[in-house]
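Chemist: I'd like to ask you about the structure that follows.
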Amino acid sequence: MKHITYTLLVSMALGVSGALAQGKQVIGVSIPSADHGWTGGVVYHANEAKKALEKQYPNATIIVKTAKDATEQANQIQDLYTVNKINTLVILPYESAPLTAPVANLKKQGVYTVVVDRGLTDASAQDAYVAGDNPGFGKVAAQYMGKEMGGKGNVVILRGIPTVIDNQRVDAFEAALKAQYPGVKVLDKKFGNWNRDDAFKVMQDYLTRFPKIDAVWASDDDMAVGVLRAIQQAKRTDVKLVLGGAGMKEMIKRVMDGNDKLIRANVTYPPSMIADAMKLAVAARVAGKAMPKSTIIPSVLVTKSNASKFYYPNSPF
């Protein structure tokens, strides 16, 4: 699948004039509810993009819907088609497998489908895909942690939820460790569901079962919060590094200040990608064109030296 650079595509999208509009465009945007920090950022950026795009493109109507689970989301996108008569769908699936058939059904009905972040289990169900670099997210994390650990020691992993992107991240993380730092041992990997409380419970289990843990790949900043709480409550001093991800402002501030011995870095995966996907979709549809099949936004390692570039104090995430 051909990857098109993020910077080029955004500039292409913004360069398309609203004057090119041919008829009314009705775009449905379906996203998970703000059930943790990252999705809170997604909801914020989606609504901000809706306001800006409807102003830029007077012939476009954008309807943003949030869902608390996969079942509600599947019902919502069907309603967007039958009730709101959308001709384009931009969706960040709550989960990959349960949303694949509903999205494929809309595509068969002629709706142009743009999938964001959590890829479907059958890529033929989508016309276009916009996401962060999930394999890169895992690889960057492993390379940093392996180096910081001196190439040896014990690490535990907290996974997200069962999705294609979680598989990509974890597979890439483990592959990079095996190739570059074979002395680092993965003790276990369990789902923390990108949730602070769930991650707290998983970490409690790890701390109970494993007498020596050198580092934790939380793989998400919300889960890192739960991990830190569990470590603090257990009064464990063996853990020397906790690496989250996605750029939560509180975590970026810790990295920037350099005072937290456990939180020394982060890996980007911005929730604003939903806004980027909406911009690309609206610009393409107004112009009567198809989007590139794949748009990948790179994951970047954040350390004290560059953290200020990724700190957004007014962001909800």
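Starting from 1 in every chain, residues are counted up; chains themselves are A, B, ... following the order of the structure tokens, and ligands are numbered from 1 as listed.
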Name the residues in contact with region 118-134 of chain A at a cut-off of 7 Å, using only C-alpha atoms, excluding same-chain residues fewer than 4 positions from it; report them as a PDB file with C-alpha atoms, in the first residue's frame.

Modeler:
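Below you can see out_32.pdb, which holds the result:
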```pdb
ATOM      1  CA  LEU A  92     -12.350   6.168  14.235  1.00  0.00           C
ATOM      2  CA  PRO A  93     -13.654   2.691  15.168  1.00  0.00           C
ATOM      3  CA  GLU A  95     -12.896  -1.597  18.025  1.00  0.00           C
ATOM      4  CA  SER A  96     -11.668  -3.053  14.765  1.00  0.00           C
ATOM      5  CA  ALA A  97     -13.548  -6.334  14.300  1.00  0.00           C
ATOM      6  CA  THR A 100     -15.622  -3.857   9.896  1.00  0.00           C
ATOM      7  CA  VAL A 103     -18.434   0.129   7.538  1.00  0.00           C
ATOM      8  CA  ALA A 104     -18.209  -2.281   4.608  1.00  0.00           C
ATOM      9  CA  LYS A 107     -19.249   1.460   1.397  1.00  0.00           C
ATOM     10  CA  TYR A 112     -17.029   7.103   0.746  1.00  0.00           C
ATOM     11  CA  THR A 113     -15.369   5.622   3.842  1.00  0.00           C
ATOM     12  CA  VAL A 114     -12.318   7.054   5.615  1.00  0.00           C
ATOM     13  CA  GLY A 138       6.327   0.444  19.041  1.00  0.00           C
ATOM     14  CA  THR A 163      -7.338  -3.677  17.743  1.00  0.00           C
ATOM     15  CA  VAL A 164      -5.208  -3.861  14.642  1.00  0.00           C
ATOM     16  CA  ILE A 165      -3.140  -0.898  15.824  1.00  0.00           C
ATOM     17  CA  GLN A 168       1.045  -3.475  15.180  1.00  0.00           C
ATOM     18  CA  ARG A 169       2.522  -1.598  18.129  1.00  0.00           C
ATOM     19  CA  TYR A 269       0.538   9.777  18.606  1.00  0.00           C
ATOM     20  CA  MET A 273      -5.165  13.150  13.564  1.00  0.00           C
ATOM     21  CA  ALA A 277      -8.463  13.132   8.407  1.00  0.00           C
ATOM     22  CA  MET A 291      -8.014  10.517  -1.133  1.00  0.00           C
ATOM     23  CA  PRO A 292      -4.728   8.610  -1.194  1.00  0.00           C
ATOM     24  CA  LYS A 293      -5.245   5.090   0.116  1.00  0.00           C
ATOM     25  CA  SER A 294      -2.963   5.614   3.114  1.00  0.00           C
ATOM     26  CA  THR A 295      -1.768   8.638   5.064  1.00  0.00           C
ATOM     27  CA  ILE A 296       0.671   7.880   7.884  1.00  0.00           C
ATOM     28  CA  ILE A 297       1.658  10.453  10.542  1.00  0.00           C
ATOM     29  CA  PRO A 298       5.137   9.664  11.952  1.00  0.00           C
ATOM     30  CA  SER A 299       5.742   8.815  15.629  1.00  0.00           C
TER      31      SER A 299
END
```

Chemist: Could you write out, as an NGL selection string, all the residues of region 181-245 of chain A that DSSP marks as helix (DSSP H, G or I)?

Modeler: :A and (196-209 or 221-234)

Chemist: For Gly160 (chain A), list every protein, DNA or RNA residue within 8 Å, evaluated using only C-alpha atoms, and leave out those in the same chain fewer than 5 positions away; present the list as a PyMOL selection string.

Modeler: chain A and resi 166+191-194+219-220

Chemist: Store the residues picked out above in a file with C-alpha atoms, as a PDB file, in the first residue's frame.

Modeler:
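For reference, result_11.pdb as written:
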```
ATOM      1  CA  ASP A 166      -2.411  -2.488  19.189  1.00  0.00           C
ATOM      2  CA  PHE A 191      -4.532  -5.490  28.105  1.00  0.00           C
ATOM      3  CA  GLY A 192      -4.947  -2.313  30.158  1.00  0.00           C
ATOM      4  CA  ASN A 193      -7.613  -0.989  27.768  1.00  0.00           C
ATOM      5  CA  TRP A 194      -6.034   2.489  27.555  1.00  0.00           C
ATOM      6  CA  SER A 219       2.267   2.289  25.646  1.00  0.00           C
ATOM      7  CA  ASP A 220      -0.215   5.064  26.550  1.00  0.00           C
TER       8      ASP A 220
END
```

Chemist: Might you pull out every residue within 9 Å of region 170-179 of chain A, with only C-alpha atoms counted and same-chain residues fewer than 6 positions away left off, and present them as a count of residues only?

Modeler: 19

Chemist: With only C-alpha atoms as the atoms that count, which of A:Met278, A:Val26, A:Ala70, A:Val83 lies nearest to Ala101 (chain A)?

Modeler: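 Using only C-alpha atoms, the shortest distance to Ala101 (chain A) belongs to A:Ala70.
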
Chemist: CA of Ser308 (chain A) and CA of Met203 (chain A) are how many Å apart?

Modeler: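 Those two atoms sit 29.6 Å apart.
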
Chemist: Just the residues within 10 Å of Lys50 (chain A), please, counting only C-alpha atoms, with nothing from its chain fewer than 5 positions along; format it as a PyMOL selection string.

Modeler: chain A and resi 27+29+45+55-56+60-64+275+278-279

Chemist: Can I get the selection written as an mmCIF file, in the first residue's frame, with N, CA and C atoms?

Modeler:
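Saved to again_33.cif:
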```cif
data_model
loop_
_atom_site.group_PDB
_atom_site.id
_atom_site.type_symbol
_atom_site.label_atom_id
_atom_site.label_comp_id
_atom_site.auth_asym_id
_atom_site.auth_seq_id
_atom_site.Cartn_x
_atom_site.Cartn_y
_atom_site.Cartn_z
ATOM 1 N N ILE A 27 -21.046 14.951 5.507
ATOM 2 C CA ILE A 27 -19.973 14.100 6.037
ATOM 3 C C ILE A 27 -20.301 13.699 7.465
ATOM 4 N N VAL A 29 -19.050 11.998 10.943
ATOM 5 C CA VAL A 29 -17.815 11.712 11.681
ATOM 6 C C VAL A 29 -18.192 10.897 12.913
ATOM 7 N N HIS A 45 -10.802 17.832 19.098
ATOM 8 C CA HIS A 45 -10.282 18.202 17.775
ATOM 9 C C HIS A 45 -11.315 17.980 16.669
ATOM 10 N N LYS A 55 -17.141 26.435 7.973
ATOM 11 C CA LYS A 55 -16.938 27.844 7.611
ATOM 12 C C LYS A 55 -16.173 27.951 6.294
ATOM 13 N N GLN A 56 -15.192 27.075 6.113
ATOM 14 C CA GLN A 56 -14.369 27.101 4.901
ATOM 15 C C GLN A 56 -15.133 26.595 3.680
ATOM 16 N N ALA A 60 -20.710 22.161 2.675
ATOM 17 C CA ALA A 60 -20.466 20.934 3.432
ATOM 18 C C ALA A 60 -21.160 20.993 4.793
ATOM 19 N N THR A 61 -21.837 19.908 5.123
ATOM 20 C CA THR A 61 -22.417 19.733 6.450
ATOM 21 C C THR A 61 -21.697 18.574 7.122
ATOM 22 N N ILE A 62 -21.201 18.804 8.340
ATOM 23 C CA ILE A 62 -20.444 17.779 9.056
ATOM 24 C C ILE A 62 -21.183 17.429 10.343
ATOM 25 N N ILE A 63 -21.468 16.149 10.517
ATOM 26 C CA ILE A 63 -22.211 15.665 11.689
ATOM 27 C C ILE A 63 -21.275 14.794 12.519
ATOM 28 N N VAL A 64 -20.988 15.214 13.756
ATOM 29 C CA VAL A 64 -20.084 14.478 14.637
ATOM 30 C C VAL A 64 -20.896 13.686 15.657
ATOM 31 N N ALA A 275 -8.769 15.449 13.128
ATOM 32 C CA ALA A 275 -8.968 16.708 12.402
ATOM 33 C C ALA A 275 -8.255 16.670 11.057
ATOM 34 N N MET A 278 -10.354 14.622 8.721
ATOM 35 C CA MET A 278 -11.539 15.376 8.298
ATOM 36 C C MET A 278 -11.171 16.412 7.236
ATOM 37 N N LYS A 279 -10.061 17.111 7.412
ATOM 38 C CA LYS A 279 -9.621 18.111 6.432
ATOM 39 C C LYS A 279 -9.349 17.462 5.077
#
```

Chemist: Using only C-alpha atoms, which of the listed residues (A:Pro162, A:Gly258, A:Gly247, A:Gly183) sits closest to Gly150 (chain A)?

Modeler: A:Gly183

Chemist: Write down as a PyMOL selection string the residues of region 35-273 of chain A whose backbone DSSP state falls under strand (DSSP E or B).

Modeler: chain A and resi 60-67+88-91+112-116+128-132+153-159+184-191+215-217+241-243+266-267

Chemist: What is the distance, in Å and to one decimal place, between CA of Asn75 (chain A) and CA of Ile91 (chain A)?

Modeler: 12.9 Å

Chemist: Have a look at CA of Asn154 (chain A) and CA of Pro270 (chain A) and let me know their distance in Å, one decimal.

Modeler: 28.7 Å

Chemist: For Val225 (chain A), work out the shell of residues within 12 Å, counting only C-alpha atoms and skipping chain neighbours fewer than 5 positions away, then give it as a count of residues only.

Modeler: 29

Chemist: Which residues are near Ala34 (chain A)? Cut-off 7 Å, only C-alpha atoms, ignore same chain within fewer than 4 positions. Put them as a PyMOL selection string.

Modeler: chain A and resi 39-40+43
